[in-house]
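A.B. asks: For reference, this is run-v8.pdb, and it has PDB, C-alpha atoms.
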```pdb
ATOM      1  CA  MET G  22      10.429   5.849 -17.071  1.00  0.00           C
ATOM      2  CA  VAL G  23       8.562   4.334 -20.036  1.00  0.00           C
ATOM      3  CA  GLU G  24       9.567   0.759 -19.170  1.00  0.00           C
ATOM      4  CA  LYS G  25       8.536   1.194 -15.534  1.00  0.00           C
ATOM      5  CA  SER G  26       5.262   2.809 -16.582  1.00  0.00           C
ATOM      6  CA  TYR G  27       4.512  -0.227 -18.733  1.00  0.00           C
ATOM      7  CA  TYR G  28       4.936  -2.337 -15.607  1.00  0.00           C
ATOM      8  CA  PHE G  29       1.922  -0.430 -14.249  1.00  0.00           C
ATOM      9  CA  ILE G  30       0.015  -0.837 -17.538  1.00  0.00           C
ATOM     10  CA  ASN G  31       0.649  -4.593 -17.470  1.00  0.00           C
ATOM     11  CA  PHE G  32      -0.681  -4.739 -13.919  1.00  0.00           C
ATOM     12  CA  ILE G  33      -3.889  -2.970 -15.013  1.00  0.00           C
ATOM     13  CA  ASN G  34      -4.177  -5.410 -17.928  1.00  0.00           C
ATOM     14  CA  ASN G  35      -4.430  -8.254 -15.402  1.00  0.00           C
ATOM     15  CA  TYR G  36      -7.838  -6.813 -14.465  1.00  0.00           C
ATOM     16  CA  VAL G  37      -9.124  -5.020 -17.572  1.00  0.00           C
ATOM     17  CA  ALA G  38      -8.002  -5.219 -21.210  1.00  0.00           C
ATOM     18  CA  LEU G  39      -6.673  -1.872 -22.420  1.00  0.00           C
ATOM     19  CA  THR G  40      -6.448  -0.761 -26.023  1.00  0.00           C
ATOM     20  CA  GLU G  41      -3.252   0.855 -27.293  1.00  0.00           C
ATOM     21  CA  GLU G  42      -4.998   4.226 -27.276  1.00  0.00           C
ATOM     22  CA  GLU G  43      -6.115   3.771 -23.658  1.00  0.00           C
ATOM     23  CA  LYS G  44      -2.568   2.834 -22.661  1.00  0.00           C
ATOM     24  CA  LYS G  45      -1.256   6.055 -24.240  1.00  0.00           C
ATOM     25  CA  ILE G  46      -3.857   8.140 -22.416  1.00  0.00           C
ATOM     26  CA  ILE G  47      -2.932   6.564 -19.067  1.00  0.00           C
ATOM     27  CA  LEU G  48       0.802   6.924 -19.691  1.00  0.00           C
ATOM     28  CA  SER G  49       0.306  10.624 -20.437  1.00  0.00           C
ATOM     29  CA  LYS G  50      -0.951  11.136 -16.862  1.00  0.00           C
ATOM     30  CA  VAL G  51       1.344   9.004 -14.702  1.00  0.00           C
ATOM     31  CA  LEU G  52       4.458  10.190 -12.893  1.00  0.00           C
ATOM     32  CA  LEU G  53       7.411   8.117 -11.719  1.00  0.00           C
ATOM     33  CA  ARG G  54       8.558   9.221  -8.276  1.00  0.00           C
ATOM     34  CA  LYS G  55      11.580   7.982  -6.343  1.00  0.00           C
ATOM     35  CA  TYR G  56      11.670   8.187  -2.551  1.00  0.00           C
ATOM     36  CA  LEU G  57      14.602   7.508  -0.272  1.00  0.00           C
ATOM     37  CA  LYS G  58      14.403   5.234   2.735  1.00  0.00           C
ATOM     38  CA  GLY G  59      12.787   7.217   5.541  1.00  0.00           C
ATOM     39  CA  GLN G  60      10.992   9.710   3.282  1.00  0.00           C
ATOM     40  CA  TYR G  61       7.251  10.211   3.616  1.00  0.00           C
ATOM     41  CA  VAL G  62       4.844   9.686   0.741  1.00  0.00           C
ATOM     42  CA  VAL G  63       2.199  11.433   2.862  1.00  0.00           C
ATOM     43  CA  GLN G  64       2.191  12.657   6.455  1.00  0.00           C
ATOM     44  CA  GLN G  65      -0.582  12.591   9.023  1.00  0.00           C
ATOM     45  CA  GLY G  66      -2.533  15.841   8.736  1.00  0.00           C
ATOM     46  CA  ASP G  67      -1.557  16.509   5.101  1.00  0.00           C
ATOM     47  CA  VAL G  68      -3.866  15.850   2.169  1.00  0.00           C
ATOM     48  CA  CYS G  69      -2.858  12.823   0.063  1.00  0.00           C
ATOM     49  CA  ARG G  70      -2.644  14.291  -3.447  1.00  0.00           C
ATOM     50  CA  TYR G  71      -1.458  11.148  -5.270  1.00  0.00           C
ATOM     51  CA  SER G  72      -2.342   7.491  -5.451  1.00  0.00           C
ATOM     52  CA  GLY G  73       0.830   5.422  -5.724  1.00  0.00           C
ATOM     53  CA  PHE G  74       1.599   2.022  -7.220  1.00  0.00           C
ATOM     54  CA  VAL G  75       4.835   0.510  -5.904  1.00  0.00           C
ATOM     55  CA  ILE G  76       7.303  -0.483  -8.623  1.00  0.00           C
ATOM     56  CA  SER G  77      10.115  -1.266  -6.177  1.00  0.00           C
ATOM     57  CA  GLY G  78      10.665  -0.841  -2.469  1.00  0.00           C
ATOM     58  CA  CYS G  79       8.558  -1.068   0.662  1.00  0.00           C
ATOM     59  CA  THR G  80       6.425   1.378   2.639  1.00  0.00           C
ATOM     60  CA  ARG G  81       4.519   1.311   5.899  1.00  0.00           C
ATOM     61  CA  THR G  82       1.239   3.028   6.677  1.00  0.00           C
ATOM     62  CA  PHE G  83       0.869   4.031  10.307  1.00  0.00           C
ATOM     63  CA  TYR G  84      -0.633   6.561  12.638  1.00  0.00           C
ATOM     64  CA  VAL G  85       0.801   8.170  15.718  1.00  0.00           C
ATOM     65  CA  ASP G  86      -1.547   8.340  18.713  1.00  0.00           C
ATOM     66  CA  ASP G  87      -1.766  11.137  21.283  1.00  0.00           C
ATOM     67  CA  ASP G  88       0.937   9.440  23.382  1.00  0.00           C
ATOM     68  CA  GLY G  89       3.368   9.416  20.453  1.00  0.00           C
ATOM     69  CA  GLU G  90       2.978   5.661  19.927  1.00  0.00           C
ATOM     70  CA  GLU G  91       3.147   4.379  16.338  1.00  0.00           C
ATOM     71  CA  HIS G  92       0.555   1.876  15.106  1.00  0.00           C
ATOM     72  CA  ILE G  93       1.292   0.227  11.748  1.00  0.00           C
ATOM     73  CA  VAL G  94      -1.813  -0.711   9.781  1.00  0.00           C
ATOM     74  CA  MET G  95      -0.230  -1.975   6.564  1.00  0.00           C
ATOM     75  CA  PHE G  96       2.879  -2.496   4.494  1.00  0.00           C
ATOM     76  CA  SER G  97       3.150  -2.057   0.727  1.00  0.00           C
ATOM     77  CA  ILE G  98       5.627  -3.760  -1.568  1.00  0.00           C
ATOM     78  CA  GLU G  99       5.906  -4.260  -5.329  1.00  0.00           C
ATOM     79  CA  ASN G 100       2.512  -4.421  -7.100  1.00  0.00           C
ATOM     80  CA  TRP G 101       0.721  -2.910  -4.092  1.00  0.00           C
ATOM     81  CA  TRP G 102      -0.608   0.591  -3.507  1.00  0.00           C
ATOM     82  CA  ALA G 103       1.134   3.043  -1.202  1.00  0.00           C
ATOM     83  CA  SER G 104      -1.089   5.999  -0.473  1.00  0.00           C
ATOM     84  CA  GLU G 105      -3.654   7.024   2.106  1.00  0.00           C
ATOM     85  CA  ILE G 106      -6.871   6.107   0.316  1.00  0.00           C
ATOM     86  CA  GLY G 107      -9.237   7.845   2.754  1.00  0.00           C
ATOM     87  CA  SER G 108      -7.447  11.168   2.366  1.00  0.00           C
ATOM     88  CA  PHE G 109      -6.949  10.683  -1.380  1.00  0.00           C
ATOM     89  CA  VAL G 110     -10.629   9.996  -2.074  1.00  0.00           C
ATOM     90  CA  SER G 111     -11.949  12.743   0.215  1.00  0.00           C
ATOM     91  CA  GLN G 112      -9.083  15.213  -0.406  1.00  0.00           C
ATOM     92  CA  LYS G 113      -9.143  15.883   3.343  1.00  0.00           C
ATOM     93  CA  PRO G 114      -6.250  15.653   5.840  1.00  0.00           C
ATOM     94  CA  SER G 115      -4.767  12.212   6.293  1.00  0.00           C
ATOM     95  CA  ASP G 116      -5.183  10.158   9.451  1.00  0.00           C
ATOM     96  CA  TYR G 117      -2.051   8.191   8.532  1.00  0.00           C
ATOM     97  CA  ASN G 118       1.581   8.501   7.557  1.00  0.00           C
ATOM     98  CA  VAL G 119       2.993   6.564   4.612  1.00  0.00           C
ATOM     99  CA  GLN G 120       6.765   6.228   4.979  1.00  0.00           C
ATOM    100  CA  CYS G 121       9.365   4.404   2.902  1.00  0.00           C
ATOM    101  CA  ILE G 122      11.126   1.557   4.713  1.00  0.00           C
ATOM    102  CA  GLU G 123      13.422   1.100   1.699  1.00  0.00           C
ATOM    103  CA  ASP G 124      14.335   3.280  -1.265  1.00  0.00           C
ATOM    104  CA  THR G 125      11.053   3.130  -3.165  1.00  0.00           C
ATOM    105  CA  GLU G 126       9.808   3.898  -6.670  1.00  0.00           C
ATOM    106  CA  VAL G 127       6.142   4.576  -7.267  1.00  0.00           C
ATOM    107  CA  ILE G 128       3.955   5.309 -10.239  1.00  0.00           C
ATOM    108  CA  GLN G 129       1.710   8.156  -9.144  1.00  0.00           C
ATOM    109  CA  LEU G 130      -1.557   9.599 -10.348  1.00  0.00           C
ATOM    110  CA  SER G 131      -2.799  12.922  -9.024  1.00  0.00           C
ATOM    111  CA  PHE G 132      -6.371  13.089  -7.791  1.00  0.00           C
ATOM    112  CA  GLU G 133      -7.318  15.391 -10.679  1.00  0.00           C
ATOM    113  CA  ASP G 134      -5.632  13.202 -13.308  1.00  0.00           C
ATOM    114  CA  GLN G 135      -7.227  10.054 -11.931  1.00  0.00           C
ATOM    115  CA  GLU G 136     -10.677  11.678 -12.072  1.00  0.00           C
ATOM    116  CA  GLU G 137      -9.975  12.738 -15.681  1.00  0.00           C
ATOM    117  CA  LEU G 138      -8.824   9.235 -16.562  1.00  0.00           C
ATOM    118  CA  PHE G 139     -12.082   7.779 -15.235  1.00  0.00           C
ATOM    119  CA  LYS G 140     -13.877   9.853 -17.881  1.00  0.00           C
ATOM    120  CA  GLU G 141     -11.388   9.176 -20.685  1.00  0.00           C
ATOM    121  CA  VAL G 142     -10.813   5.482 -19.914  1.00  0.00           C
ATOM    122  CA  PRO G 143     -13.974   4.237 -18.143  1.00  0.00           C
ATOM    123  CA  LYS G 144     -12.406   0.771 -17.701  1.00  0.00           C
ATOM    124  CA  LEU G 145     -10.185   2.290 -15.021  1.00  0.00           C
ATOM    125  CA  GLU G 146     -13.180   2.702 -12.731  1.00  0.00           C
ATOM    126  CA  ARG G 147     -13.734  -1.053 -12.938  1.00  0.00           C
ATOM    127  CA  PHE G 148     -10.011  -1.648 -12.331  1.00  0.00           C
ATOM    128  CA  PHE G 149      -9.957   0.522  -9.206  1.00  0.00           C
ATOM    129  CA  ARG G 150     -13.211  -1.000  -7.968  1.00  0.00           C
ATOM    130  CA  LEU G 151     -11.692  -4.485  -8.218  1.00  0.00           C
ATOM    131  CA  ILE G 152      -8.515  -3.347  -6.417  1.00  0.00           C
ATOM    132  CA  LEU G 153     -10.509  -1.683  -3.642  1.00  0.00           C
ATOM    133  CA  GLU G 154     -12.716  -4.762  -3.241  1.00  0.00           C
ATOM    134  CA  GLN G 155      -9.616  -6.915  -2.742  1.00  0.00           C
ATOM    135  CA  ALA G 156      -8.208  -4.433  -0.235  1.00  0.00           C
ATOM    136  CA  PHE G 157     -11.511  -4.328   1.643  1.00  0.00           C
ATOM    137  CA  VAL G 158     -11.695  -8.128   1.869  1.00  0.00           C
ATOM    138  CA  ALA G 159      -8.090  -8.303   3.125  1.00  0.00           C
ATOM    139  CA  SER G 160      -8.863  -5.618   5.702  1.00  0.00           C
ATOM    140  CA  GLN G 161     -11.938  -7.498   6.917  1.00  0.00           C
ATOM    141  CA  LYS G 162      -9.936 -10.726   7.239  1.00  0.00           C
ATOM    142  CA  ARG G 163      -7.303  -8.889   9.267  1.00  0.00           C
ATOM    143  CA  ILE G 164      -9.953  -7.533  11.645  1.00  0.00           C
ATOM    144  CA  VAL G 165     -11.356 -11.036  12.172  1.00  0.00           C
ATOM    145  CA  SER G 166      -7.839 -12.385  12.791  1.00  0.00           C
ATOM    146  CA  ASN G 167      -7.180  -9.663  15.361  1.00  0.00           C
ATOM    147  CA  PHE G 168     -10.347 -10.623  17.225  1.00  0.00           C
ATOM    148  CA  SER G 169     -10.100 -14.384  16.963  1.00  0.00           C
ATOM    149  CA  LEU G 170      -6.414 -15.375  16.893  1.00  0.00           C
ATOM    150  CA  SER G 171      -3.800 -15.290  19.618  1.00  0.00           C
ATOM    151  CA  ALA G 172      -0.759 -13.075  19.067  1.00  0.00           C
ATOM    152  CA  LYS G 173       1.273 -16.189  18.256  1.00  0.00           C
ATOM    153  CA  ASP G 174      -1.266 -17.345  15.659  1.00  0.00           C
ATOM    154  CA  GLN G 175      -1.439 -13.830  14.169  1.00  0.00           C
ATOM    155  CA  TYR G 176       2.344 -13.879  13.785  1.00  0.00           C
ATOM    156  CA  ILE G 177       2.250 -17.330  12.140  1.00  0.00           C
ATOM    157  CA  GLN G 178      -0.468 -16.131   9.773  1.00  0.00           C
ATOM    158  CA  PHE G 179       1.537 -12.984   8.950  1.00  0.00           C
ATOM    159  CA  THR G 180       4.656 -15.015   8.095  1.00  0.00           C
ATOM    160  CA  LYS G 181       2.616 -17.336   5.859  1.00  0.00           C
ATOM    161  CA  LEU G 182       0.697 -14.594   4.083  1.00  0.00           C
ATOM    162  CA  TYR G 183       3.611 -12.169   3.706  1.00  0.00           C
ATOM    163  CA  PRO G 184       6.929 -14.067   3.932  1.00  0.00           C
ATOM    164  CA  GLU G 185       8.679 -11.563   1.648  1.00  0.00           C
ATOM    165  CA  ILE G 186       7.621  -8.631   3.828  1.00  0.00           C
ATOM    166  CA  GLU G 187       8.765 -10.196   7.074  1.00  0.00           C
ATOM    167  CA  LYS G 188      12.261 -10.640   5.619  1.00  0.00           C
ATOM    168  CA  ARG G 189      12.457  -6.970   4.634  1.00  0.00           C
ATOM    169  CA  ILE G 190      11.263  -5.103   7.699  1.00  0.00           C
ATOM    170  CA  PRO G 191      12.582  -4.676  11.252  1.00  0.00           C
ATOM    171  CA  GLN G 192      10.955  -6.853  13.899  1.00  0.00           C
ATOM    172  CA  TYR G 193       9.689  -3.876  15.905  1.00  0.00           C
ATOM    173  CA  MET G 194       7.553  -2.975  12.867  1.00  0.00           C
ATOM    174  CA  VAL G 195       6.137  -6.497  12.689  1.00  0.00           C
ATOM    175  CA  ALA G 196       5.303  -6.190  16.396  1.00  0.00           C
ATOM    176  CA  SER G 197       3.586  -2.827  15.826  1.00  0.00           C
ATOM    177  CA  TYR G 198       1.568  -4.292  12.951  1.00  0.00           C
ATOM    178  CA  LEU G 199       0.477  -7.177  15.186  1.00  0.00           C
ATOM    179  CA  GLY G 200      -0.294  -4.825  18.070  1.00  0.00           C
ATOM    180  CA  ILE G 201       2.226  -6.387  20.464  1.00  0.00           C
ATOM    181  CA  SER G 202       5.526  -5.317  22.005  1.00  0.00           C
ATOM    182  CA  LYS G 203       8.800  -6.239  20.308  1.00  0.00           C
ATOM    183  CA  GLU G 204       9.744  -8.144  23.494  1.00  0.00           C
ATOM    184  CA  PHE G 205       6.584 -10.248  23.254  1.00  0.00           C
ATOM    185  CA  LEU G 206       7.244 -10.889  19.551  1.00  0.00           C
ATOM    186  CA  SER G 207      10.746 -12.049  20.484  1.00  0.00           C
ATOM    187  CA  LYS G 208       9.244 -14.505  23.002  1.00  0.00           C
ATOM    188  CA  ILE G 209       6.812 -15.806  20.385  1.00  0.00           C
ATOM    189  CA  LYS G 210       9.653 -16.328  17.885  1.00  0.00           C
ATOM    190  CA  ASN G 211      11.763 -18.122  20.488  1.00  0.00           C
ATOM    191  CA  THR G 212       9.065 -20.723  21.189  1.00  0.00           C
ATOM    192  CA  ASN G 213       8.626 -23.661  18.854  1.00  0.00           C
ATOM    193  CA  ILE G 214       6.233 -22.383  16.224  1.00  0.00           C
TER     194      ILE G 214
END
```
Do you think you could lay out the structure here as structure tokens?
C.D. replies:
Amino acid sequence: MVEKSYYFINFINNYVALTEEEKKIILSKVLLRKYLKGQYVVQQGDVCRYSGFVISGCTRTFYVDDDGEEHIVMFSIENWWASEIGSFVSQKPSDYNVQCIEDTEVIQLSFEDQEELFKEVPKLERFFRLILEQAFVASQKRIVSNFSLSAKDQYIQFTKLYPEIEKRIPQYMVASYLGISKEFLSKIKNTNI
């Protein structure tokens, strides 16, 4: 647990410099949680009680529409966050599911502990602001890509931006993320890219 928790501390140190005392305070609040492939980190309609930093594994964030259709909005792998930020911040029911695609280990912080840490280690607010800014920019770029690129070009961009993810997930999930059918994705892949 301690070694894996330091993995998280080292990640934070890439953004803000922590003192030894601050590291101890943070480590006193984090939990290491292991999920099996197929388990949910949070389910649509439940309140997301923990933010989660992926140590190993892969998750998908998706929602299920009224027709029972799944729509994947993001994947999370090592060094990424796997939680439903809207629900976590508001402490209201989640619009999304977060499910493990592989056996996954996450460092988790409860909402209450994270709020306490912001008071005890103010640098963490800067850290989370920087992380959220990066996530927001990536989200905005994805929206622009969805509007401006063909399905084929979106797929090419996905494979360039996230080659390690594409190797780890089933093709029907890639298709869902791109907003196309798995049959259409198969056609795209079978043309000379």
A.B. asks: Which of these residues is nearest to Ser166 in chain G, using all atoms listed in the file: G:Ala103, G:Leu199, G:Val37, G:Val127?
C.D. replies: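 Selected residue with least distance to Ser166 in chain G: G:Leu199.
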A.B. asks: Could you jot down the CA of Tyr84 in chain G to CA of Phe168 in chain G separation for me, Å, one decimal place?
C.D. replies: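 Distance reported for this atom pair: 20.3 Å.
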A.B. asks: For Leu57 in chain G, which residue among G:Thr125, G:Ser104, G:Asn35, G:Ser115 is the nearest when counting all atoms listed in the file?
C.D. replies: G:Thr125
A.B. asks: (18.1, -3.4, -0.5) in this file's frame - what residues fall within 12 Å of it? Use all atoms listed in the file and give the answer as a PDB file with C-alpha atoms, in the frame of the given file.
C.D. replies:
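So point26.pdb came out as:
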```
ATOM      1  CA  LEU G  57      14.602   7.508  -0.272  1.00  0.00           C
ATOM      2  CA  LYS G  58      14.403   5.234   2.735  1.00  0.00           C
ATOM      3  CA  SER G  77      10.115  -1.266  -6.177  1.00  0.00           C
ATOM      4  CA  GLY G  78      10.665  -0.841  -2.469  1.00  0.00           C
ATOM      5  CA  CYS G  79       8.558  -1.068   0.662  1.00  0.00           C
ATOM      6  CA  ILE G 122      11.126   1.557   4.713  1.00  0.00           C
ATOM      7  CA  GLU G 123      13.422   1.100   1.699  1.00  0.00           C
ATOM      8  CA  ASP G 124      14.335   3.280  -1.265  1.00  0.00           C
ATOM      9  CA  THR G 125      11.053   3.130  -3.165  1.00  0.00           C
ATOM     10  CA  LYS G 188      12.261 -10.640   5.619  1.00  0.00           C
ATOM     11  CA  ARG G 189      12.457  -6.970   4.634  1.00  0.00           C
ATOM     12  CA  ILE G 190      11.263  -5.103   7.699  1.00  0.00           C
TER      13      ILE G 190
END
```
A.B. asks: Just the residues within 10 Å of Leu151 in chain G, please, counting only C-alpha atoms, with nothing from its chain fewer than 6 positions along; format it as a PyMOL selection string.
C.D. replies: chain G and resi 36-37+145+157
A.B. asks: Output C-alpha atoms of each residue in that selection to a file, as a PDB file, in the coordinates of the input.
C.D. replies:
```pdb
ATOM      1  CA  TYR G  36      -7.838  -6.813 -14.465  1.00  0.00           C
ATOM      2  CA  VAL G  37      -9.124  -5.020 -17.572  1.00  0.00           C
ATOM      3  CA  LEU G 145     -10.185   2.290 -15.021  1.00  0.00           C
ATOM      4  CA  PHE G 157     -11.511  -4.328   1.643  1.00  0.00           C
TER       5      PHE G 157
END
```
A.B. asks: Pick out the closest residue to Ile106 in chain G from this set: G:Lys55, G:Arg81, G:Lys173, G:Arg70. Count only C-alpha atoms.
C.D. replies: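 Distance minimum relative to Ile106 in chain G lands on G:Arg70.
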A.B. asks: Record the distance separating CA of Asp87 in chain G and CA of Val110 in chain G, expressed in Å with one decimal.
C.D. replies: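 Those two atoms sit 25.0 Å apart.
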A.B. asks: Assuming the chain letters and numbering stay as they are in my file, what does the PyMOL selection byres ((chain G and resi 73-75) around 12) actually select? List them as a short mmCIF file (atom, residue, chain, number, x, y, z; two decimals) with C-alpha atoms, in the coordinates of the input.
C.D. replies:
```
data_model
loop_
_atom_site.label_atom_id
_atom_site.label_comp_id
_atom_site.auth_asym_id
_atom_site.auth_seq_id
_atom_site.Cartn_x
_atom_site.Cartn_y
_atom_site.Cartn_z
CA LYS G 25 8.54 1.19 -15.53
CA SER G 26 5.26 2.81 -16.58
CA TYR G 28 4.94 -2.34 -15.61
CA PHE G 29 1.92 -0.43 -14.25
CA ILE G 30 0.02 -0.84 -17.54
CA PHE G 32 -0.68 -4.74 -13.92
CA ILE G 33 -3.89 -2.97 -15.01
CA VAL G 51 1.34 9.00 -14.70
CA LEU G 52 4.46 10.19 -12.89
CA LEU G 53 7.41 8.12 -11.72
CA ARG G 54 8.56 9.22 -8.28
CA LYS G 55 11.58 7.98 -6.34
CA TYR G 56 11.67 8.19 -2.55
CA VAL G 62 4.84 9.69 0.74
CA VAL G 63 2.20 11.43 2.86
CA CYS G 69 -2.86 12.82 0.06
CA ARG G 70 -2.64 14.29 -3.45
CA TYR G 71 -1.46 11.15 -5.27
CA SER G 72 -2.34 7.49 -5.45
CA ILE G 76 7.30 -0.48 -8.62
CA SER G 77 10.12 -1.27 -6.18
CA GLY G 78 10.66 -0.84 -2.47
CA CYS G 79 8.56 -1.07 0.66
CA THR G 80 6.42 1.38 2.64
CA ARG G 81 4.52 1.31 5.90
CA PHE G 96 2.88 -2.50 4.49
CA SER G 97 3.15 -2.06 0.73
CA ILE G 98 5.63 -3.76 -1.57
CA GLU G 99 5.91 -4.26 -5.33
CA ASN G 100 2.51 -4.42 -7.10
CA TRP G 101 0.72 -2.91 -4.09
CA TRP G 102 -0.61 0.59 -3.51
CA ALA G 103 1.13 3.04 -1.20
CA SER G 104 -1.09 6.00 -0.47
CA GLU G 105 -3.65 7.02 2.11
CA ILE G 106 -6.87 6.11 0.32
CA PHE G 109 -6.95 10.68 -1.38
CA VAL G 119 2.99 6.56 4.61
CA CYS G 121 9.36 4.40 2.90
CA GLU G 123 13.42 1.10 1.70
CA ASP G 124 14.34 3.28 -1.26
CA THR G 125 11.05 3.13 -3.16
CA GLU G 126 9.81 3.90 -6.67
CA VAL G 127 6.14 4.58 -7.27
CA ILE G 128 3.96 5.31 -10.24
CA GLN G 129 1.71 8.16 -9.14
CA LEU G 130 -1.56 9.60 -10.35
CA SER G 131 -2.80 12.92 -9.02
CA PHE G 132 -6.37 13.09 -7.79
CA GLN G 135 -7.23 10.05 -11.93
CA PHE G 149 -9.96 0.52 -9.21
CA ILE G 152 -8.52 -3.35 -6.42
#
```
A.B. asks: With distances taken over all atoms listed in the file, which of G:Gly89, G:Gly200, G:Pro114, G:Gly66 is nearest to Arg163 in chain G?
C.D. replies: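 Selected residue with least distance to Arg163 in chain G: G:Gly200.
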A.B. asks: Identify, on the basis of all atoms listed in the file, every residue whose closest approach to Lys45 in chain G does not exceed 12 Å; exclude the query and any residue fewer than 3 positions from it along the same chain; express the result as a short mmCIF file (atom, residue, chain, number, x, y, z; two decimals) with C-alpha atoms, in the coordinates of the input.
C.D. replies:
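Result file around.cif:
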```cif
data_model
loop_
_atom_site.label_atom_id
_atom_site.label_comp_id
_atom_site.auth_asym_id
_atom_site.auth_seq_id
_atom_site.Cartn_x
_atom_site.Cartn_y
_atom_site.Cartn_z
CA VAL G 23 8.56 4.33 -20.04
CA SER G 26 5.26 2.81 -16.58
CA TYR G 27 4.51 -0.23 -18.73
CA ILE G 30 0.02 -0.84 -17.54
CA LEU G 39 -6.67 -1.87 -22.42
CA THR G 40 -6.45 -0.76 -26.02
CA GLU G 41 -3.25 0.86 -27.29
CA GLU G 42 -5.00 4.23 -27.28
CA LEU G 48 0.80 6.92 -19.69
CA SER G 49 0.31 10.62 -20.44
CA LYS G 50 -0.95 11.14 -16.86
CA VAL G 51 1.34 9.00 -14.70
CA LEU G 138 -8.82 9.24 -16.56
CA GLU G 141 -11.39 9.18 -20.68
CA VAL G 142 -10.81 5.48 -19.91
#
```
A.B. asks: Take CA of Ala196 in chain G and CA of Gln120 in chain G and report the distance between them in Å, one decimal.
C.D. replies: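 Separating CA of Ala196 in chain G from CA of Gln120 in chain G is a distance of 16.9 Å.
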A.B. asks: Give as a list in words the residues that the PyMOL selection byres ((chain G and resi 207) around 12) matches when applied to the coordinates above.
C.D. replies: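 Matching residues under the PyMOL selection byres ((chain G and resi 207) around 12) are Ala172, Lys173, Tyr176, Pro191, Gln192, Tyr193, Val195, Ala196, Ile201, Ser202, Lys203, Glu204, Phe205, Leu206, Lys208, Ile209, Lys210, Asn211, Thr212 and Asn213 of chain G.
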A.B. asks: For each of G:Asp86, G:Lys44, G:Tyr117, G:Asn167, take the minimum atom-to-atom distance to Gln64 in chain G, counting only C-alpha atoms, then give the residue where this is smallest.
C.D. replies: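 Answer, going by the shortest atom-to-atom distance: G:Tyr117.
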